[in-house]
file protein-v1.pdb (PDB, C-alpha atoms, pLDDT in the B column)
ATOM      1  CA  MET A   1     -15.914  12.057   1.842  1.00 86.00           C
ATOM      2  CA  ARG A   2     -16.750   8.967   3.919  1.00 89.00           C
ATOM      3  CA  LYS A   3     -16.130   6.642   0.950  1.00 87.00           C
ATOM      4  CA  CYS A   4     -12.818   8.348   0.147  1.00 92.00           C
ATOM      5  CA  ALA A   5     -11.737   7.917   3.758  1.00 91.00           C
ATOM      6  CA  GLU A   6     -12.793   4.246   3.711  1.00 90.00           C
ATOM      7  CA  SER A   7     -10.830   3.684   0.505  1.00 91.00           C
ATOM      8  CA  ALA A   8      -7.677   5.317   1.887  1.00 93.00           C
ATOM      9  CA  GLU A   9      -8.003   3.441   5.183  1.00 93.00           C
ATOM     10  CA  MET A  10      -8.495   0.085   3.429  1.00 91.00           C
ATOM     11  CA  LYS A  11      -5.412   0.643   1.248  1.00 95.00           C
ATOM     12  CA  ALA A  12      -3.253   1.666   4.207  1.00 95.00           C
ATOM     13  CA  LYS A  13      -4.388  -1.344   6.254  1.00 96.00           C
ATOM     14  CA  PHE A  14      -3.898  -3.775   3.358  1.00 96.00           C
ATOM     15  CA  PHE A  15      -0.399  -2.593   2.446  1.00 97.00           C
ATOM     16  CA  ASP A  16       0.717  -2.458   6.093  1.00 97.00           C
ATOM     17  CA  GLU A  17      -0.454  -6.029   6.704  1.00 97.00           C
ATOM     18  CA  ASN A  18       0.868  -7.459   3.418  1.00 98.00           C
ATOM     19  CA  ALA A  19       4.118  -5.555   2.840  1.00 97.00           C
ATOM     20  CA  GLU A  20       6.377  -8.565   3.366  1.00 98.00           C
ATOM     21  CA  GLN A  21       4.357 -10.888   1.139  1.00 98.00           C
ATOM     22  CA  ILE A  22       4.072  -8.206  -1.573  1.00 98.00           C
ATOM     23  CA  HIS A  23       7.862  -7.786  -1.515  1.00 98.00           C
ATOM     24  CA  THR A  24       8.319 -11.557  -1.858  1.00 98.00           C
ATOM     25  CA  VAL A  25       5.821 -11.761  -4.732  1.00 98.00           C
ATOM     26  CA  CYS A  26       7.462  -8.840  -6.539  1.00 98.00           C
ATOM     27  CA  GLY A  27      10.905 -10.375  -6.111  1.00 98.00           C
ATOM     28  CA  ARG A  28       9.828 -13.729  -7.503  1.00 98.00           C
ATOM     29  CA  LEU A  29       7.935 -12.113 -10.384  1.00 98.00           C
ATOM     30  CA  ALA A  30      10.924  -9.903 -11.179  1.00 98.00           C
ATOM     31  CA  GLU A  31      13.205 -12.936 -11.297  1.00 98.00           C
ATOM     32  CA  ALA A  32      10.800 -14.871 -13.513  1.00 98.00           C
ATOM     33  CA  LEU A  33      10.543 -11.994 -15.982  1.00 98.00           C
ATOM     34  CA  ARG A  34      14.299 -11.346 -15.855  1.00 97.00           C
ATOM     35  CA  THR A  35      14.953 -14.946 -16.867  1.00 98.00           C
ATOM     36  CA  GLY A  36      12.590 -14.827 -19.861  1.00 98.00           C
ATOM     37  CA  HIS A  37       9.371 -16.166 -18.419  1.00 98.00           C
ATOM     38  CA  GLN A  38       5.916 -14.789 -19.144  1.00 98.00           C
ATOM     39  CA  LEU A  39       3.063 -13.376 -17.067  1.00 98.00           C
ATOM     40  CA  PHE A  40      -0.503 -14.562 -17.725  1.00 98.00           C
ATOM     41  CA  VAL A  41      -3.362 -12.629 -16.089  1.00 98.00           C
ATOM     42  CA  MET A  42      -7.033 -13.585 -15.724  1.00 98.00           C
ATOM     43  CA  GLY A  43     -10.255 -12.323 -14.155  1.00 98.00           C
ATOM     44  CA  ASN A  44     -13.956 -11.744 -14.809  1.00 97.00           C
ATOM     45  CA  GLY A  45     -15.943  -8.523 -15.180  1.00 96.00           C
ATOM     46  CA  GLY A  46     -14.098  -5.643 -13.521  1.00 95.00           C
ATOM     47  CA  SER A  47     -11.286  -8.054 -12.671  1.00 97.00           C
ATOM     48  CA  SER A  48     -11.027  -8.851 -16.379  1.00 97.00           C
ATOM     49  CA  CYS A  49     -10.408  -5.151 -16.948  1.00 97.00           C
ATOM     50  CA  ASP A  50      -7.745  -5.243 -14.221  1.00 97.00           C
ATOM     51  CA  ALA A  51      -6.155  -8.262 -15.947  1.00 97.00           C
ATOM     52  CA  VAL A  52      -5.923  -6.320 -19.205  1.00 97.00           C
ATOM     53  CA  HIS A  53      -4.625  -3.272 -17.328  1.00 96.00           C
ATOM     54  CA  VAL A  54      -1.749  -5.094 -15.624  1.00 96.00           C
ATOM     55  CA  ALA A  55      -0.786  -6.924 -18.833  1.00 97.00           C
ATOM     56  CA  ILE A  56      -0.649  -3.650 -20.749  1.00 96.00           C
ATOM     57  CA  GLU A  57       1.475  -2.025 -18.021  1.00 95.00           C
ATOM     58  CA  PHE A  58       4.102  -4.758 -18.410  1.00 96.00           C
ATOM     59  CA  VAL A  59       4.013  -4.903 -22.219  1.00 97.00           C
ATOM     60  CA  HIS A  60       3.930  -1.157 -22.827  1.00 94.00           C
ATOM     61  CA  PRO A  61       5.352   0.703 -19.793  1.00 88.00           C
ATOM     62  CA  ILE A  62       3.892   4.157 -19.283  1.00 82.00           C
ATOM     63  CA  ILE A  63       7.195   5.436 -17.953  1.00 81.00           C
ATOM     64  CA  GLU A  64       9.967   6.094 -20.424  1.00 75.00           C
ATOM     65  CA  LYS A  65      12.998   3.837 -20.151  1.00 79.00           C
ATOM     66  CA  ARG A  66      11.206   1.062 -18.264  1.00 89.00           C
ATOM     67  CA  ARG A  67      11.619  -2.390 -19.789  1.00 92.00           C
ATOM     68  CA  SER A  68       8.786  -4.268 -21.452  1.00 96.00           C
ATOM     69  CA  PHE A  69       7.992  -7.846 -20.479  1.00 97.00           C
ATOM     70  CA  PRO A  70       5.792 -10.544 -22.029  1.00 98.00           C
ATOM     71  CA  ALA A  71       2.412 -10.367 -20.317  1.00 98.00           C
ATOM     72  CA  PHE A  72      -0.909 -11.635 -21.611  1.00 98.00           C
ATOM     73  CA  ALA A  73      -4.473 -11.117 -20.426  1.00 98.00           C
ATOM     74  CA  LEU A  74      -6.258 -14.426 -20.974  1.00 98.00           C
ATOM     75  CA  THR A  75      -9.511 -12.487 -21.291  1.00 96.00           C
ATOM     76  CA  ASN A  76      -8.744 -10.719 -24.577  1.00 94.00           C
ATOM     77  CA  ASP A  77      -9.823 -13.286 -27.162  1.00 94.00           C
ATOM     78  CA  SER A  78     -13.628 -13.367 -27.046  1.00 94.00           C
ATOM     79  CA  ALA A  79     -13.832 -16.009 -29.801  1.00 96.00           C
ATOM     80  CA  LEU A  80     -11.558 -18.347 -27.860  1.00 95.00           C
ATOM     81  CA  LEU A  81     -13.348 -17.718 -24.552  1.00 95.00           C
ATOM     82  CA  THR A  82     -16.768 -18.398 -26.047  1.00 95.00           C
ATOM     83  CA  ALA A  83     -15.507 -21.462 -27.957  1.00 95.00           C
ATOM     84  CA  ILE A  84     -14.098 -23.011 -24.782  1.00 96.00           C
ATOM     85  CA  GLY A  85     -17.202 -22.007 -22.833  1.00 94.00           C
ATOM     86  CA  ASN A  86     -19.505 -23.469 -25.482  1.00 95.00           C
ATOM     87  CA  ASP A  87     -17.585 -26.647 -26.323  1.00 95.00           C
ATOM     88  CA  THR A  88     -16.162 -27.502 -22.909  1.00 92.00           C
ATOM     89  CA  ASP A  89     -17.262 -25.446 -19.921  1.00 93.00           C
ATOM     90  CA  PHE A  90     -16.899 -21.770 -19.012  1.00 95.00           C
ATOM     91  CA  SER A  91     -15.020 -22.803 -15.867  1.00 97.00           C
ATOM     92  CA  GLN A  92     -12.204 -24.080 -18.113  1.00 97.00           C
ATOM     93  CA  THR A  93     -11.657 -20.886 -20.158  1.00 97.00           C
ATOM     94  CA  PHE A  94      -8.387 -19.950 -18.448  1.00 98.00           C
ATOM     95  CA  ALA A  95      -7.188 -23.456 -17.556  1.00 98.00           C
ATOM     96  CA  GLU A  96      -7.229 -24.601 -21.188  1.00 97.00           C
ATOM     97  CA  GLN A  97      -5.210 -21.573 -22.289  1.00 98.00           C
ATOM     98  CA  LEU A  98      -2.639 -22.045 -19.526  1.00 98.00           C
ATOM     99  CA  LYS A  99      -2.293 -25.757 -20.267  1.00 98.00           C
ATOM    100  CA  LEU A 100      -1.403 -24.839 -23.854  1.00 97.00           C
ATOM    101  CA  PHE A 101       0.631 -21.642 -23.488  1.00 97.00           C
ATOM    102  CA  GLY A 102       2.063 -21.793 -19.957  1.00 98.00           C
ATOM    103  CA  LYS A 103       5.510 -23.174 -19.263  1.00 98.00           C
ATOM    104  CA  PRO A 104       7.266 -24.100 -16.017  1.00 98.00           C
ATOM    105  CA  GLY A 105       8.653 -20.929 -14.461  1.00 98.00           C
ATOM    106  CA  ASP A 106       5.980 -18.675 -15.998  1.00 98.00           C
ATOM    107  CA  VAL A 107       3.639 -16.755 -13.704  1.00 98.00           C
ATOM    108  CA  ALA A 108      -0.161 -16.807 -13.510  1.00 98.00           C
ATOM    109  CA  LEU A 109      -2.007 -13.976 -11.774  1.00 98.00           C
ATOM    110  CA  GLY A 110      -5.679 -14.570 -11.026  1.00 98.00           C
ATOM    111  CA  ILE A 111      -7.907 -11.694  -9.937  1.00 98.00           C
ATOM    112  CA  SER A 112     -11.218 -12.406  -8.172  1.00 98.00           C
ATOM    113  CA  THR A 113     -12.910 -10.069  -5.714  1.00 97.00           C
ATOM    114  CA  SER A 114     -14.603 -13.046  -4.024  1.00 97.00           C
ATOM    115  CA  GLY A 115     -11.982 -15.743  -4.485  1.00 96.00           C
ATOM    116  CA  MET A 116     -14.795 -17.941  -5.765  1.00 97.00           C
ATOM    117  CA  SER A 117     -14.467 -17.521  -9.554  1.00 98.00           C
ATOM    118  CA  SER A 118     -14.337 -21.089 -10.834  1.00 98.00           C
ATOM    119  CA  ASN A 119     -12.544 -20.246 -14.078  1.00 98.00           C
ATOM    120  CA  VAL A 120      -9.869 -18.260 -12.218  1.00 98.00           C
ATOM    121  CA  ASN A 121      -9.438 -21.030  -9.653  1.00 98.00           C
ATOM    122  CA  TYR A 122      -9.213 -23.759 -12.311  1.00 98.00           C
ATOM    123  CA  GLY A 123      -6.741 -21.562 -14.165  1.00 98.00           C
ATOM    124  CA  LEU A 124      -4.576 -21.171 -11.074  1.00 98.00           C
ATOM    125  CA  GLN A 125      -4.733 -24.925 -10.451  1.00 98.00           C
ATOM    126  CA  ALA A 126      -3.704 -25.664 -14.051  1.00 98.00           C
ATOM    127  CA  ALA A 127      -0.825 -23.201 -13.694  1.00 98.00           C
ATOM    128  CA  ARG A 128       0.408 -24.907 -10.529  1.00 98.00           C
ATOM    129  CA  GLU A 129       0.264 -28.273 -12.262  1.00 98.00           C
ATOM    130  CA  LYS A 130       2.475 -26.809 -15.036  1.00 97.00           C
ATOM    131  CA  GLY A 131       5.054 -25.633 -12.484  1.00 98.00           C
ATOM    132  CA  MET A 132       4.136 -21.972 -12.784  1.00 98.00           C
ATOM    133  CA  MET A 133       4.230 -19.451  -9.940  1.00 98.00           C
ATOM    134  CA  THR A 134       0.670 -18.536  -8.939  1.00 98.00           C
ATOM    135  CA  ILE A 135      -0.442 -15.207  -7.505  1.00 98.00           C
ATOM    136  CA  ALA A 136      -3.984 -14.176  -6.646  1.00 98.00           C
ATOM    137  CA  PHE A 137      -5.580 -10.851  -5.839  1.00 98.00           C
ATOM    138  CA  SER A 138      -8.710 -11.624  -3.854  1.00 98.00           C
ATOM    139  CA  GLY A 139     -11.176 -10.077  -1.450  1.00 97.00           C
ATOM    140  CA  LYS A 140     -13.459 -10.923   1.456  1.00 96.00           C
ATOM    141  CA  ASP A 141     -11.862 -13.985   3.115  1.00 96.00           C
ATOM    142  CA  GLY A 142      -9.972 -15.167   0.026  1.00 97.00           C
ATOM    143  CA  GLY A 143     -12.604 -17.757  -0.895  1.00 97.00           C
ATOM    144  CA  ARG A 144     -11.306 -20.921  -2.528  1.00 97.00           C
ATOM    145  CA  THR A 145      -8.481 -18.999  -4.181  1.00 97.00           C
ATOM    146  CA  LYS A 146      -6.535 -18.767  -0.917  1.00 97.00           C
ATOM    147  CA  ASN A 147      -6.125 -22.559  -0.945  1.00 97.00           C
ATOM    148  CA  ILE A 148      -5.044 -22.740  -4.590  1.00 98.00           C
ATOM    149  CA  ALA A 149      -2.662 -19.837  -5.254  1.00 98.00           C
ATOM    150  CA  GLU A 150       0.858 -19.964  -3.917  1.00 98.00           C
ATOM    151  CA  TYR A 151       0.457 -16.290  -2.945  1.00 98.00           C
ATOM    152  CA  CYS A 152      -3.016 -14.932  -2.233  1.00 98.00           C
ATOM    153  CA  LEU A 153      -3.182 -11.201  -1.499  1.00 98.00           C
ATOM    154  CA  THR A 154      -6.611 -10.782   0.067  1.00 98.00           C
ATOM    155  CA  VAL A 155      -8.358  -7.469   0.695  1.00 98.00           C
ATOM    156  CA  PRO A 156     -10.413  -8.085   3.875  1.00 96.00           C
ATOM    157  CA  SER A 157     -13.563  -6.254   2.797  1.00 95.00           C
ATOM    158  CA  PHE A 158     -17.038  -7.157   1.586  1.00 94.00           C
ATOM    159  CA  SER A 159     -17.258  -3.992  -0.514  1.00 95.00           C
ATOM    160  CA  ILE A 160     -16.486  -4.817  -4.144  1.00 95.00           C
ATOM    161  CA  HIS A 161     -15.516  -1.169  -4.703  1.00 95.00           C
ATOM    162  CA  ARG A 162     -12.969  -1.116  -1.859  1.00 96.00           C
ATOM    163  CA  ILE A 163     -11.548  -4.464  -3.023  1.00 97.00           C
ATOM    164  CA  GLN A 164     -11.192  -3.262  -6.624  1.00 97.00           C
ATOM    165  CA  GLU A 165      -9.619   0.020  -5.501  1.00 96.00           C
ATOM    166  CA  VAL A 166      -6.960  -1.872  -3.562  1.00 97.00           C
ATOM    167  CA  HIS A 167      -6.426  -4.283  -6.469  1.00 98.00           C
ATOM    168  CA  THR A 168      -5.821  -1.358  -8.832  1.00 97.00           C
ATOM    169  CA  THR A 169      -3.267   0.144  -6.457  1.00 97.00           C
ATOM    170  CA  LEU A 170      -1.709  -3.289  -5.951  1.00 98.00           C
ATOM    171  CA  LEU A 171      -1.235  -3.872  -9.678  1.00 97.00           C
ATOM    172  CA  HIS A 172       0.551  -0.508  -9.963  1.00 95.00           C
ATOM    173  CA  VAL A 173       2.743  -1.315  -6.956  1.00 96.00           C
ATOM    174  CA  LEU A 174       3.520  -4.756  -8.384  1.00 97.00           C
ATOM    175  CA  TRP A 175       4.531  -3.265 -11.745  1.00 96.00           C
ATOM    176  CA  ASP A 176       6.662  -0.539 -10.175  1.00 95.00           C
ATOM    177  CA  MET A 177       8.396  -2.756  -7.612  1.00 96.00           C
ATOM    178  CA  VAL A 178       9.290  -5.370 -10.229  1.00 97.00           C
ATOM    179  CA  HIS A 179      11.111  -2.706 -12.225  1.00 95.00           C
ATOM    180  CA  VAL A 180      12.823  -1.243  -9.157  1.00 95.00           C
ATOM    181  CA  LEU A 181      13.934  -4.717  -8.011  1.00 96.00           C
ATOM    182  CA  LEU A 182      15.441  -5.223 -11.453  1.00 95.00           C
ATOM    183  CA  GLY A 183      17.616  -2.163 -10.893  1.00 92.00           C
ATOM    184  CA  GLU A 184      15.597   0.453 -12.699  1.00 88.00           C
ATOM    185  CA  GLU A 185      15.336   3.953 -11.323  1.00 81.00           C
ATOM    186  CA  ASP A 186      12.655   4.503  -8.667  1.00 80.00           C
ATOM    187  CA  ILE A 187      11.085   7.571 -10.204  1.00 68.00           C
ATOM    188  CA  ILE A 188       7.466   7.425  -9.025  1.00 62.00           C
TER
END
call {"tool": "encode", "arguments": {"input": "protein-v1.pdb", "output": "structure tokens"}}
result
Amino acid sequence: MRKCAESAEMKAKFFDENAEQIHTVCGRLAEALRTGHQLFVMGNGGSSCDAVHVAIEFVHPIIEKRRSFPAFALTNDSALLTAIGNDTDFSQTFAEQLKLFGKPGDVALGISTSGMSSNVNYGLQAAREKGMMTIAFSGKDGGRTKNIAEYCLTVPSFSIHRIQEVHTTLLHVLWDMVHVLLGEEDII
């Protein structure tokens, strides 16, 4: 029960402290998607799974009558990731994709529990250089990510589990709020 209580407490604290910034991020993301821009998501390990999760939520909404939007997890193509890692450098796996596919006005979301993932940080930097909006979900003290992303939502914990639990809730909140801000019914 202690871990459940810690998880609930961490979520409550995070959302209380970041409500205004989350609203701003959701509003800007909603506007970008409304005007035909795309969402690109990246992360490693468990954060890679979160990247796929959020992309799927936007592409194939689980709630009937919610709009779909173009969202891509940059972690899905193992051949491309290993080619870039082998021929260039693993730290460039997301940056190279964003340099090719990203356009000004698109959105890049980087997920890193430490804020120190070099490929996520290089990806966010490449996105900024392309004129994309950059969002990060991070943990601990935000690491290097807090100085790169335009918006860095940092879970102030050293527990990877607590950070990931908040990130999962945050990606659901982000998805839901974007739809609500675009005038869709608030049904959950």
call {"tool": "residues_around", "arguments": {"input": "protein-v1.pdb", "residues": "Ile111 in chain A", "least_positions_apart": "4", "cutoff": "10 Å", "atoms": "only C-alpha atoms", "output": "JSON, numbers by chain"}}
result
{"A": [41, 42, 43, 44, 46, 47, 48, 49, 50, 51, 115, 117, 120, 121, 135, 136, 137, 138, 139, 145, 152, 153, 164, 167]}
call {"tool": "closest_residue", "arguments": {"input": "protein-v1.pdb", "among": "A:Gly123, A:Ser159, A:Tyr151, A:Trp175", "to": "Val59 in chain A", "atoms": "all atoms listed in the file"}}
result
A:Trp175
call {"tool": "resolve_selection", "arguments": {"input": "protein-v1.pdb", "expression": "the PyMOL selection byres ((chain A and resi 23) around 12)", "output": "PyMOL selection string"}}
result
chain A and resi 15-22+24-30+151+153+170+173-178+180-181
call {"tool": "resolve_selection", "arguments": {"input": "protein-v1.pdb", "expression": "the PyMOL selection byres ((chain A and resi 66) around 10)", "output": "list in words"}}
result
Phe58, His60, Pro61, Ile62, Ile63, Glu64, Lys65, Arg67, Ser68, Phe69, Asp176, His179, Val180, Glu184 and Glu185 of chain A
call {"tool": "residues_around", "arguments": {"input": "protein-v1.pdb", "residues": "Lys103 in chain A", "least_positions_apart": "5", "cutoff": "12 Å", "atoms": "only C-alpha atoms", "output": "number ranges by chain"}}
result
A: 32, 36-40, 97-98, 108, 126-133
call {"tool": "closest_residue", "arguments": {"input": "protein-v1.pdb", "among": "A:Thr82, A:Asn119, A:Thr169, A:Thr134", "to": "Ala8 in chain A", "atoms": "all atoms listed in the file"}}
result
A:Thr169
call {"tool": "closest_residue", "arguments": {"input": "protein-v1.pdb", "among": "A:Ala73, A:Ile56, A:Leu80, A:Ala149", "to": "Glu96 in chain A", "atoms": "only C-alpha atoms"}}
result
A:Leu80
call {"tool": "closest_residue", "arguments": {"input": "protein-v1.pdb", "among": "A:Ser157, A:Leu74, A:Val54, A:Ser91", "to": "His172 in chain A", "atoms": "all atoms listed in the file"}}
result
A:Val54
call {"tool": "atom_distance", "arguments": {"input": "protein-v1.pdb", "atom1": "CA of Tyr122 in chain A", "atom2": "CA of Gln92 in chain A"}}
result
6.5 Å
call {"tool": "closest_residue", "arguments": {"input": "protein-v1.pdb", "among": "A:Gln125, A:Asn86, A:Met1, A:Leu182", "to": "Leu33 in chain A", "atoms": "all atoms listed in the file"}}
result
A:Leu182
call {"tool": "atom_distance", "arguments": {"input": "protein-v1.pdb", "atom1": "CA of Lys140 in chain A", "atom2": "CA of Thr154 in chain A"}}
result
7.0 Å
call {"tool": "atom_distance", "arguments": {"input": "protein-v1.pdb", "atom1": "CA of Ile148 in chain A", "atom2": "CA of Ala83 in chain A"}}
result
25.6 Å
